[in-house]
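Undergrad: For reference, the file start.txt (compact mmCIF, C-alpha atoms) is included below:
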```txt
# COMPACT_ATOMS: atom_id res chain seq x y z
CA MET I 249 -13.72 -17.81 -26.33
CA ARG I 250 -12.33 -14.45 -25.17
CA ARG I 251 -9.35 -14.45 -22.83
CA LEU I 252 -8.83 -12.23 -19.80
CA LEU I 253 -5.36 -12.51 -18.30
CA ILE I 254 -4.70 -11.06 -14.83
CA LEU I 255 -1.07 -10.61 -13.81
CA GLY I 256 -0.83 -10.66 -10.03
CA GLY I 257 -2.87 -12.55 -7.45
CA GLY I 258 -2.67 -9.96 -4.69
CA THR I 259 -5.48 -7.74 -3.46
CA ALA I 260 -6.37 -6.07 -6.77
CA GLY I 261 -5.94 -9.18 -8.92
CA THR I 262 -7.95 -11.39 -6.60
CA ILE I 263 -10.85 -8.94 -6.25
CA ALA I 264 -10.92 -8.41 -10.01
CA ALA I 265 -10.99 -12.16 -10.65
CA ASN I 266 -13.87 -12.64 -8.22
CA ARG I 267 -15.95 -9.72 -9.42
CA LEU I 268 -15.44 -10.32 -13.14
CA ARG I 269 -15.99 -14.07 -12.95
CA ARG I 270 -19.50 -13.31 -11.71
CA ARG I 271 -20.09 -10.84 -14.54
CA LEU I 272 -18.51 -12.65 -17.51
CA SER I 273 -20.11 -15.79 -18.94
CA PRO I 274 -17.84 -18.85 -18.50
CA ASP I 275 -19.04 -19.99 -21.90
CA GLU I 276 -17.63 -16.83 -23.47
CA TRP I 277 -14.69 -15.85 -21.26
CA ARG I 278 -11.66 -17.70 -19.92
CA ILE I 279 -10.03 -15.95 -16.94
CA THR I 280 -6.46 -16.76 -15.89
CA VAL I 281 -4.46 -15.37 -12.95
CA VAL I 282 -0.66 -15.54 -12.91
CA ASP I 283 1.48 -14.97 -9.84
CA HIS I 284 5.00 -15.99 -8.83
CA SER I 285 3.79 -17.55 -5.56
CA ASP I 286 0.79 -19.30 -4.04
CA SER I 287 1.22 -17.40 -0.76
CA HIS I 288 -1.12 -14.46 -0.17
CA TYR I 289 0.02 -12.07 2.58
CA TYR I 290 -2.16 -9.72 4.58
CA GLN I 291 0.30 -6.88 4.17
CA PRO I 292 -1.26 -4.35 6.60
CA GLY I 293 -0.51 -6.86 9.36
CA GLN I 294 3.25 -6.70 8.79
CA LEU I 295 3.28 -3.40 10.68
CA PHE I 296 2.22 -5.25 13.84
CA ILE I 297 4.67 -8.18 13.68
CA PRO I 298 7.59 -6.20 15.24
CA PHE I 299 5.44 -5.44 18.31
CA GLY I 300 4.05 -8.97 18.76
CA THR I 301 0.42 -8.04 18.00
CA TYR I 302 0.30 -10.52 15.12
CA GLN I 303 2.34 -13.65 14.59
CA PRO I 304 3.61 -14.37 11.06
CA ARG I 305 1.29 -17.36 10.70
CA ASP I 306 -1.70 -15.03 11.17
CA LEU I 307 -0.96 -13.22 7.91
CA VAL I 308 -0.43 -15.89 5.24
CA LYS I 309 -2.97 -18.01 3.35
CA PRO I 310 -2.94 -19.82 -0.03
CA ARG I 311 -3.89 -17.60 -2.98
CA ARG I 312 -5.87 -20.40 -4.58
CA ARG I 313 -8.32 -20.38 -1.66
CA PHE I 314 -9.55 -16.91 -2.62
CA LEU I 315 -9.91 -17.42 -6.36
CA PRO I 316 -13.34 -18.59 -7.57
CA ASP I 317 -14.16 -21.74 -9.46
CA GLY I 318 -13.76 -21.16 -13.16
CA VAL I 319 -10.56 -19.11 -12.83
CA ASP I 320 -7.30 -20.76 -13.87
CA PHE I 321 -4.29 -20.08 -11.62
CA ILE I 322 -0.70 -20.35 -12.82
CA VAL I 323 2.29 -20.08 -10.47
CA ALA I 324 5.13 -18.72 -12.59
CA GLU I 325 7.51 -15.80 -13.02
CA ILE I 326 6.49 -13.22 -15.61
CA ASP I 327 9.19 -12.38 -18.12
CA ARG I 328 7.46 -9.68 -20.16
CA VAL I 329 4.34 -8.51 -21.93
CA VAL I 330 4.35 -8.21 -25.73
CA PRO I 331 1.42 -5.81 -26.18
CA GLU I 332 1.77 -5.64 -29.97
CA GLU I 333 1.07 -9.40 -30.10
CA ASN I 334 -1.40 -9.54 -27.16
CA LYS I 335 0.68 -12.10 -25.31
CA VAL I 336 2.59 -12.57 -22.05
CA LEU I 337 5.81 -14.56 -21.88
CA LEU I 338 6.51 -16.44 -18.66
CA GLY I 339 9.90 -17.24 -17.20
CA ASP I 340 9.85 -20.76 -18.64
CA GLU I 341 9.15 -19.27 -22.12
CA THR I 342 5.48 -20.29 -22.05
CA ALA I 343 3.37 -17.81 -24.02
CA LEU I 344 -0.12 -16.82 -22.83
CA ASP I 345 -2.39 -15.03 -25.30
CA TYR I 346 -4.96 -12.51 -24.14
CA ASP I 347 -7.75 -10.36 -25.49
CA TYR I 348 -7.69 -8.16 -22.38
CA LEU I 349 -4.91 -7.82 -19.83
CA ILE I 350 -5.04 -6.61 -16.23
CA ILE I 351 -1.72 -5.68 -14.62
CA ALA I 352 -2.04 -6.02 -10.85
CA THR I 353 1.45 -6.96 -9.69
CA GLY I 354 1.70 -4.15 -7.17
CA THR I 355 4.83 -2.54 -5.81
CA THR I 356 7.76 -3.85 -3.77
CA PRO I 357 10.56 -2.36 -1.64
CA ARG I 358 13.95 -1.98 -3.36
CA PRO I 359 16.65 -1.37 -0.72
CA GLN I 360 19.36 -2.02 -3.31
CA GLU I 361 18.40 1.24 -5.06
CA THR I 362 19.84 3.32 -2.19
CA PRO I 363 23.63 3.14 -1.78
CA GLY I 364 24.62 1.48 1.50
CA MET I 365 21.15 0.28 2.43
CA ALA I 366 21.43 -3.35 1.37
CA GLU I 367 25.16 -3.81 1.85
CA GLY I 368 25.81 -5.93 4.91
CA GLU I 369 23.84 -4.10 7.59
CA LEU I 370 20.31 -4.85 6.35
CA GLY I 371 18.86 -6.99 9.10
CA LYS I 372 21.42 -5.72 11.67
CA SER I 373 21.39 -1.97 12.32
CA ILE I 374 19.19 -1.33 9.27
CA HIS I 375 15.69 -2.81 9.15
CA GLU I 376 12.41 -2.54 7.25
CA PHE I 377 8.89 -3.93 7.73
CA TYR I 378 7.60 -3.61 4.16
CA SER I 379 8.52 -7.21 3.43
CA PHE I 380 7.27 -10.23 5.39
CA GLU I 381 10.80 -11.39 6.14
CA GLY I 382 11.87 -7.87 7.10
CA ALA I 383 9.04 -7.51 9.61
CA ILE I 384 10.02 -10.80 11.27
CA ALA I 385 13.69 -9.76 11.46
CA LEU I 386 12.69 -6.42 13.00
CA ALA I 387 10.62 -8.20 15.65
CA ASP I 388 13.71 -10.18 16.65
CA LYS I 389 15.76 -6.97 16.77
CA LEU I 390 13.32 -5.03 18.96
CA ALA I 391 12.94 -7.98 21.35
CA ASP I 392 16.46 -7.47 22.70
CA TRP I 393 17.32 -3.88 21.69
CA ASP I 394 18.69 -1.84 24.60
CA GLY I 395 17.77 1.58 23.23
CA GLY I 396 19.56 4.45 21.54
CA ARG I 397 18.72 6.66 18.56
CA LEU I 398 15.95 5.23 16.40
CA ALA I 399 15.48 6.80 12.96
CA ILE I 400 12.28 6.03 11.06
CA HIS I 401 12.95 6.94 7.45
CA ILE I 402 11.22 7.17 4.07
CA VAL I 403 13.42 7.14 0.97
CA ASP I 404 10.92 8.64 -1.48
CA MET I 405 7.29 8.73 -2.50
CA PRO I 406 5.09 7.04 -3.59
CA ILE I 407 5.13 4.16 -1.15
CA LYS I 408 2.67 1.42 -0.33
CA CYS I 409 0.42 2.58 2.53
CA PRO I 410 1.93 6.06 3.08
CA VAL I 411 0.66 6.26 6.67
CA ALA I 412 2.49 3.07 7.74
CA PRO I 413 5.79 4.81 8.68
CA LEU I 414 3.86 7.15 10.98
CA GLU I 415 1.96 4.21 12.45
CA PHE I 416 5.23 2.42 13.14
CA THR I 417 6.51 5.54 14.92
CA PHE I 418 3.42 5.82 17.14
CA LEU I 419 3.42 2.10 17.91
CA ALA I 420 7.15 2.14 18.69
CA ASP I 421 6.62 5.03 21.13
CA ALA I 422 3.91 3.04 22.92
CA TYR I 423 5.94 -0.19 22.78
CA PHE I 424 9.03 1.37 24.36
CA ALA I 425 6.90 3.04 27.04
CA LYS I 426 5.30 -0.30 27.90
CA GLN I 427 8.76 -1.87 28.12
CA GLY I 428 9.83 0.85 30.54
CA MET I 429 12.57 2.09 28.22
CA ARG I 430 11.05 5.08 26.40
CA ASP I 431 13.49 7.40 28.19
CA ARG I 432 16.35 5.41 26.65
CA VAL I 433 15.12 5.87 23.09
CA GLU I 434 15.55 9.04 21.04
CA MET I 435 13.25 8.98 18.01
CA VAL I 436 13.47 10.93 14.76
CA PHE I 437 11.10 10.74 11.78
CA VAL I 438 12.95 11.44 8.53
CA THR I 439 10.88 12.20 5.43
CA PRO I 440 11.40 13.61 1.92
CA LEU I 441 8.14 15.55 2.35
CA ASP I 442 7.85 19.06 3.76
CA GLY I 443 5.68 17.77 6.61
CA ALA I 444 4.52 14.62 8.35
CA PHE I 445 2.14 13.70 5.51
CA THR I 446 1.32 14.58 1.91
CA ARG I 447 -1.76 16.73 2.61
CA PRO I 448 -1.53 19.99 4.67
CA VAL I 449 -4.42 19.50 7.11
CA ALA I 450 -3.44 15.91 7.86
CA ALA I 451 0.24 16.89 8.07
CA ARG I 452 -0.64 19.48 10.73
CA HIS I 453 -2.53 16.94 12.84
CA LEU I 454 0.03 14.18 12.46
CA GLY I 455 2.97 16.51 13.02
CA ALA I 456 1.41 17.61 16.31
CA MET I 457 1.06 13.95 17.31
CA LEU I 458 4.77 13.41 16.67
CA GLU I 459 5.60 16.45 18.78
CA GLU I 460 3.41 15.21 21.64
CA ARG I 461 5.36 11.93 21.60
CA LYS I 462 8.70 13.76 21.59
CA VAL I 463 9.61 12.56 18.11
CA THR I 464 11.85 14.91 16.13
CA LEU I 465 10.62 15.61 12.60
CA GLU I 466 13.30 15.94 9.90
CA THR I 467 11.68 17.14 6.66
CA ASP I 468 12.77 17.63 3.03
CA PHE I 469 15.41 14.94 3.49
CA MET I 470 16.32 13.41 0.13
CA VAL I 471 18.67 10.59 1.03
CA GLU I 472 21.79 10.21 -1.10
CA ARG I 473 23.21 7.24 0.77
CA VAL I 474 23.21 5.27 3.99
CA ASP I 475 26.58 4.98 5.73
CA PRO I 476 26.30 1.65 7.57
CA GLU I 477 29.75 1.95 9.20
CA GLU I 478 29.23 5.43 10.61
CA LYS I 479 25.52 4.65 11.12
CA LYS I 480 24.13 7.77 9.52
CA LEU I 481 21.80 8.88 6.74
CA VAL I 482 23.31 11.40 4.32
CA SER I 483 21.13 13.65 2.16
CA TYR I 484 21.93 15.22 -1.20
CA ASP I 485 22.27 18.60 0.54
CA GLU I 486 24.84 17.01 2.89
CA ARG I 487 22.70 16.89 6.02
CA GLU I 488 23.34 13.91 8.25
CA VAL I 489 21.03 11.96 10.57
CA PRO I 490 22.87 9.56 12.89
CA PHE I 491 21.20 6.42 14.18
CA ASP I 492 21.76 3.38 16.32
CA LEU I 493 18.83 1.62 14.69
CA LEU I 494 17.39 2.58 11.30
CA VAL I 495 13.89 1.46 10.32
CA THR I 496 13.60 2.53 6.73
CA VAL I 497 10.99 2.40 4.00
CA PRO I 498 13.08 1.66 0.89
CA LEU I 499 12.24 3.00 -2.53
CA ASN I 500 9.06 1.31 -3.79
CA MET I 501 8.89 0.21 -7.42
CA GLY I 502 6.55 -1.72 -9.68
CA ALA I 503 7.42 -5.10 -11.16
CA ASP I 504 10.54 -5.38 -13.33
CA TYR I 505 8.68 -7.08 -16.19
CA VAL I 506 6.70 -3.85 -16.62
CA ALA I 507 9.95 -2.07 -17.51
CA ARG I 508 11.09 -4.90 -19.80
CA SER I 509 7.75 -4.63 -21.59
CA GLY I 510 7.99 -0.88 -22.14
CA LEU I 511 4.75 -0.33 -20.24
CA GLY I 512 5.90 1.67 -17.22
CA ASP I 513 7.31 4.97 -16.03
CA GLU I 514 10.68 5.40 -14.30
CA LEU I 515 9.38 3.52 -11.23
CA ASN I 516 7.72 0.75 -13.28
CA TYR I 517 4.18 2.00 -12.66
CA VAL I 518 1.79 1.78 -15.61
CA PRO I 519 0.44 5.15 -16.80
CA VAL I 520 -3.36 4.96 -16.86
CA ASP I 521 -6.37 7.21 -17.07
CA PRO I 522 -6.92 8.01 -13.36
CA GLN I 523 -10.70 7.71 -13.67
CA THR I 524 -10.99 4.48 -15.68
CA LEU I 525 -7.60 2.76 -15.01
CA LEU I 526 -7.23 2.03 -18.74
CA SER I 527 -3.67 2.16 -20.06
CA ARG I 528 -2.82 5.39 -21.83
CA ALA I 529 -0.97 3.41 -24.49
CA HIS I 530 -3.05 0.26 -25.07
CA ASP I 531 -6.82 -0.01 -25.35
CA ASN I 532 -6.98 -3.58 -23.99
CA ILE I 533 -4.71 -3.20 -20.95
CA PHE I 534 -5.78 -2.00 -17.50
CA ALA I 535 -3.57 -1.50 -14.43
CA LEU I 536 -5.18 -1.86 -11.01
CA GLY I 537 -4.11 -1.15 -7.46
CA ASP I 538 -0.50 -0.32 -6.67
CA ALA I 539 0.65 -1.22 -10.20
CA SER I 540 -0.78 1.97 -11.72
CA ASP I 541 0.46 5.56 -11.58
CA ILE I 542 -2.80 7.12 -10.33
CA PRO I 543 -2.07 10.12 -8.04
CA THR I 544 -3.50 8.80 -4.80
CA SER I 545 -2.37 6.50 -2.00
CA LYS I 546 -1.20 3.00 -2.80
CA ALA I 547 -3.59 1.52 -0.27
CA GLY I 548 -6.10 -1.31 0.04
CA SER I 549 -9.00 1.11 0.25
CA VAL I 550 -8.11 2.53 -3.16
CA VAL I 551 -8.19 -0.99 -4.59
CA HIS I 552 -11.58 -1.64 -2.98
CA PHE I 553 -13.24 1.60 -4.07
CA SER I 554 -11.77 1.63 -7.58
CA LEU I 555 -12.66 -2.02 -8.24
CA GLU I 556 -16.32 -1.42 -7.40
CA LEU I 557 -16.39 1.02 -10.31
CA PHE I 558 -13.97 -0.86 -12.54
CA GLU I 559 -16.10 -3.96 -13.01
CA ASP I 560 -18.88 -1.93 -14.63
CA ASN I 561 -16.37 0.00 -16.72
CA PHE I 562 -14.77 -3.23 -17.92
CA ILE I 563 -18.11 -4.63 -19.04
CA GLN I 564 -18.93 -1.39 -20.85
CA HIS I 565 -15.50 -1.27 -22.48
CA VAL I 566 -15.48 -4.82 -23.85
CA HIS I 567 -18.90 -4.15 -25.38
CA GLY I 568 -17.63 -1.02 -27.11
CA ARG I 569 -19.49 1.44 -24.91
CA PRO I 570 -18.06 4.49 -23.07
CA MET I 571 -16.93 3.87 -19.50
CA THR I 572 -19.19 5.88 -17.19
CA ARG I 573 -18.19 4.83 -13.66
CA LEU I 574 -15.39 7.32 -13.08
CA PHE I 575 -13.08 6.89 -10.07
CA ASP I 576 -12.32 10.00 -7.98
CA GLY I 577 -9.23 8.71 -6.15
CA HIS I 578 -11.18 7.91 -2.99
CA ALA I 579 -8.99 6.55 -0.19
CA ASN I 580 -9.41 6.10 3.52
CA CYS I 581 -6.86 4.74 5.95
CA PHE I 582 -6.94 3.88 9.62
CA ILE I 583 -3.84 5.17 11.39
CA GLU I 584 -2.92 3.19 14.48
CA SER I 585 -1.58 5.67 17.02
CA GLY I 586 -0.72 3.39 19.95
CA ARG I 587 -2.17 2.78 23.40
CA GLY I 588 -5.42 1.40 21.97
CA GLN I 589 -6.16 4.50 19.91
CA GLY I 590 -6.32 5.30 16.21
CA LEU I 591 -7.55 7.87 13.75
CA LEU I 592 -8.99 7.75 10.26
CA ILE I 593 -8.38 9.83 7.15
CA ASP I 594 -10.71 10.03 4.13
CA PHE I 595 -9.77 11.89 0.93
CA ASN I 596 -9.62 11.77 -2.88
CA TYR I 597 -7.78 13.32 -5.81
CA ASP I 598 -9.13 16.80 -5.14
CA THR I 599 -10.00 16.92 -1.43
CA GLU I 600 -7.54 16.41 1.39
CA PRO I 601 -8.32 14.65 4.69
CA LEU I 602 -10.69 16.65 6.88
CA PRO I 603 -12.14 16.16 10.37
CA GLY I 604 -15.63 14.75 10.79
CA LYS I 605 -17.42 11.41 11.14
CA TYR I 606 -17.37 8.30 8.90
CA PRO I 607 -19.16 6.53 7.32
CA LEU I 608 -22.40 7.98 8.73
CA PRO I 609 -22.33 11.81 8.77
CA GLY I 610 -22.48 13.09 12.34
CA LEU I 611 -22.68 9.57 13.77
CA GLY I 612 -19.58 7.66 12.72
CA PRO I 613 -18.81 5.40 14.47
CA PHE I 614 -15.35 6.43 13.27
CA THR I 615 -13.84 9.87 13.78
CA LEU I 616 -11.80 11.55 11.05
CA LEU I 617 -8.43 13.05 12.00
CA ARG I 618 -9.05 12.53 15.70
CA GLU I 619 -7.89 9.66 17.88
CA SER I 620 -10.46 7.26 19.28
CA GLU I 621 -10.73 3.71 20.56
CA ALA I 622 -13.31 2.94 17.86
CA ASN I 623 -10.76 3.76 15.18
CA HIS I 624 -8.29 1.33 16.77
CA TRP I 625 -10.85 -1.46 16.69
CA GLY I 626 -11.74 -0.55 13.11
CA LYS I 627 -8.12 -1.16 12.22
CA MET I 628 -8.02 -4.44 14.12
CA MET I 629 -11.22 -5.85 12.64
CA PHE I 630 -10.11 -5.12 9.10
CA ARG I 631 -8.07 -8.33 8.94
CA TRP I 632 -11.33 -10.34 9.15
CA VAL I 633 -12.98 -8.01 6.62
CA TYR I 634 -10.04 -8.46 4.26
CA TRP I 635 -10.08 -12.26 4.20
CA ASN I 636 -13.86 -12.72 4.30
CA LEU I 637 -15.36 -9.77 2.41
CA LEU I 638 -12.82 -7.75 0.48
CA LEU I 639 -10.82 -10.47 -1.31
CA PRO I 640 -13.91 -12.48 -2.34
CA GLY I 641 -15.28 -9.29 -3.90
CA LYS I 642 -18.42 -9.19 -1.76
CA GLU I 643 -20.52 -6.08 -1.46
CA MET I 644 -19.62 -3.76 1.41
CA PRO I 645 -21.77 -0.92 2.79
CA LEU I 646 -19.33 1.84 1.81
CA GLU I 647 -19.72 4.23 -1.11
CA PRO I 648 -16.85 3.99 -3.61
CA LEU I 649 -16.89 7.73 -4.30
CA MET I 650 -15.94 10.17 -1.58
CA SER I 651 -18.71 12.13 0.12
CA MET I 652 -18.30 15.54 1.79
CA ALA I 653 -21.21 14.82 4.13
CA GLY I 654 -20.14 14.96 7.76
CA LYS I 655 -16.82 16.70 7.12
CA GLU I 656 -15.76 19.93 8.82
CA LEU I 657 -14.83 22.31 6.01
CA GLU I 658 -13.73 25.16 8.30
CA GLU I 659 -10.57 23.19 9.07
CA VAL I 660 -9.23 24.00 5.60
CA VAL I 661 -8.91 27.73 6.24
CA LYS I 662 -7.28 27.62 9.66
```
Starting from the file, lay out its structure as structure tokens.
TA:
Amino acid sequence: MRRLLILGGGTAGTIAANRLRRRLSPDEWRITVVDHSDSHYYQPGQLFIPFGTYQPRDLVKPRRRFLPDGVDFIVAEIDRVVPEENKVLLGDETALDYDYLIIATGTTPRPQETPGMAEGELGKSIHEFYSFEGAIALADKLADWDGGRLAIHIVDMPIKCPVAPLEFTFLADAYFAKQGMRDRVEMVFVTPLDGAFTRPVAARHLGAMLEERKVTLETDFMVERVDPEEKKLVSYDEREVPFDLLVTVPLNMGADYVARSGLGDELNYVPVDPQTLLSRAHDNIFALGDASDIPTSKAGSVVHFSLELFEDNFIQHVHGRPMTRLFDGHANCFIESGRGQGLLIDFNYDTEPLPGKYPLPGLGPFTLLRESEANHWGKMMFRWVYWNLLLPGKEMPLEPLMSMAGKELEEVVK
């Protein structure tokens, strides 16, 4: 009996368990998933909790519900991986042996890594929505906030869902307008990037959207510390951004056990081949989703597209054959822009987001890099798609590799 051990029961781990259970004979393979909790969160929904669009209860379900029959599930902390012995040690000192290991424990916010961020004011004048509890606390704050200077801030890249800080900014603008208090709120978007987003064409579009909403853009801001008493961000080049309310995206890092195991980089992400997701150091370890260091967005779409290719690669690999289904970094993300509108970006390792139509060239129904009501509803319906199609690993009518059909190439040279 061969043993496949999956660390992490989030999006990537759950999809992998579902897809591989159907492909691997239960008489020949035992599959086990380990996670520290039985609660599965729909993380894209946390963005909407502060504005009352979703209630917390809408976003949590038991992990076990989405794992197939024939997959063992263990709720436990992970202490470390011992790759030389092909085993994982749990927090209670239980040892789990494996023939193949999938690391899918994602990434989490680490406010304690930035001086001043987690010292007393977190949950008061400093907030975040990248954790479930943080999103709920921010909802309570916005419900009775009188206005002032709101700073939306990113500590560093990479972060989970890199468009989410922009979405929060657009939704906050619409929320304050609906409350009749937009004129009492000064908004500034503070980023370590040289523009509103990581890719030039998208940055130009999104930067213009910030300008239209009268949001100041503060670029190239590498935060050195947060001063919670003076209520200001301080950069390494000694610039200062004052705030009355700070909504920050803390440094994101992979799981600590990855560092203890000697498997990660400085942010605890596992170095892998970007096309096959196989560890660069160990021939029987893969890292999926946000846990890997692949140079594309840490987003649910990347998990979906890469896993469609990964299952074939895994089967080829365990049978000693070359892996032929090579991932191109394909990602697409709906960007909620407020007032019932949204836009969509579609890109990969080599090609930045471009205007056009998706998924049907010339028809859509979604527009790329332009706001539309259809894009908003695409974002809203994804919660149903996530629970009912994506997590169970069902087939979806979207190509895993990026296509240039329907995209407007002239935008690149403007």
Undergrad: Identify the residues within 8 Å of coordinate (10.2, -6.0, 18.9) (same frame as the file), considering only C-alpha atoms, and give the answer as a VMD selection string.
TA: chain I and resid 297 to 300 386 to 393
Undergrad: Report as a PyMOL selection string all protein, DNA and RNA residues lying within 9 Å of I:Pro498, evaluated on only C-alpha atoms, omitting residues in the same chain fewer than 6 positions from it.
TA: chain I and resi 356-362+365+376+378+401-404+407
Undergrad: Counting all atoms listed in the file, which of I:Leu295, I:Val329, I:Ala450, I:Ala579 gets nearest to I:Glu381?
TA: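 Smallest distance to I:Glu381 is found for I:Leu295.
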Undergrad: Skipping near chain neighbours, those fewer than 4 positions away, what residues fall within 10 Å of I:Ala352 using all atoms listed in the file, listed as JSON, numbers by chain?
TA: {"I": [254, 255, 256, 257, 258, 259, 260, 261, 262, 264, 281, 282, 283, 502, 503, 518, 534, 535, 536, 537, 538, 539, 540]}
Undergrad: Could the residues in this selection be written to a file with C-alpha atoms, as a tab-separated table (two decimals), in the frame of the given file?
TA:
```tsv
chain	number	residue	atom	x	y	z
I	254	ILE	CA	-4.70	-11.06	-14.83
I	255	LEU	CA	-1.07	-10.61	-13.81
I	256	GLY	CA	-0.83	-10.66	-10.03
I	257	GLY	CA	-2.87	-12.55	-7.45
I	258	GLY	CA	-2.67	-9.96	-4.69
I	259	THR	CA	-5.48	-7.74	-3.46
I	260	ALA	CA	-6.37	-6.07	-6.77
I	261	GLY	CA	-5.94	-9.18	-8.92
I	262	THR	CA	-7.95	-11.39	-6.60
I	264	ALA	CA	-10.92	-8.41	-10.01
I	281	VAL	CA	-4.46	-15.37	-12.95
I	282	VAL	CA	-0.66	-15.54	-12.91
I	283	ASP	CA	1.48	-14.97	-9.84
I	502	GLY	CA	6.55	-1.72	-9.68
I	503	ALA	CA	7.42	-5.10	-11.16
I	518	VAL	CA	1.79	1.78	-15.61
I	534	PHE	CA	-5.78	-2.00	-17.50
I	535	ALA	CA	-3.57	-1.50	-14.43
I	536	LEU	CA	-5.18	-1.86	-11.01
I	537	GLY	CA	-4.11	-1.15	-7.46
I	538	ASP	CA	-0.50	-0.32	-6.67
I	539	ALA	CA	0.65	-1.22	-10.20
I	540	SER	CA	-0.78	1.97	-11.72
```
Undergrad: Please report the interatomic distance between atom CA of I:Glu472 and atom CA of I:Tyr484 in Å with one decimal.
TA: 5.0 Å
Undergrad: (19.9, 1.9, 17.6) in this file's frame - what residues fall within 7 Å of it? Use only C-alpha atoms and give the answer as a list of chain:residue names.
TA: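 Result, sorted by chain then residue number: I:Ser373, I:Gly395, I:Gly396, I:Arg397, I:Leu398, I:Phe491, I:Asp492, I:Leu493, I:Leu494.
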Undergrad: Find the residue from I:Glu369, I:Tyr517, I:Arg311, I:Ile263 that sits nearest to I:Val551; use all atoms listed in the file when measuring.
TA: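 Of I:Glu369, I:Tyr517, I:Arg311, I:Ile263, the one nearest I:Val551 is I:Ile263, counting all atoms listed in the file.
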Undergrad: Can you pull out the residues contacting stretch 412-424 of chain I? Cut-off 7 Å, using only C-alpha atoms, and skip same-chain residues under 2 positions away; I want them as a PyMOL selection string.
TA: chain I and resi 295+299+400+409-410+426-430+583-587
Undergrad: With distances taken over only C-alpha atoms, which of I:Thr355, I:Ser620, I:Thr524, I:Asn580 is nearest to I:Met501?
TA: I:Thr355
Undergrad: Can you tell me how far atom CA of I:Leu602 sits from atom CA of I:Phe445, in Å to one decimal?
TA: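 Atom CA of I:Phe445 lies at a distance of 13.2 Å from atom CA of I:Leu602.
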Undergrad: Mind checking which residues fall within 12 Å of I:Gly443, counting only C-alpha atoms, ignoring those fewer than 4 positions away in the same chain, and posting them as a PyMOL selection string?
TA: chain I and resi 414+437-439+447-456+458+464-469
Undergrad: So how many Å separate atom CA of I:Asp306 and atom CA of I:Ser554, to one decimal?
TA: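 Those two atoms sit 27.0 Å apart.
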Undergrad: Looking at only C-alpha atoms, which of I:Leu511, I:Val550, I:Ala366, I:Ile542 is the one that sits closest to I:Ala529?
TA: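 Ranked by minimum distance to I:Ala529, first place goes to I:Leu511.
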Undergrad: Applying 9 Å and all atoms listed in the file, which residues near I:Asp598 remain after dropping the ones on its own chain fewer than 2 positions away? List them as a count of residues only.
TA: 5
Undergrad: Using the file's own x, y and z axes, what box holds all listed atoms of stretch 520-538 of chain I with 6 Å on each side, keeping edges along x, y and z, and what are its centre and edge lengths in Å to one decimal, as lines of an AutoDock Vina configuration file?
TA:
```
center_x = -5.7
center_y = 2.2
center_z = -16.0
size_x = 22.5
size_y = 23.6
size_z = 30.7
```
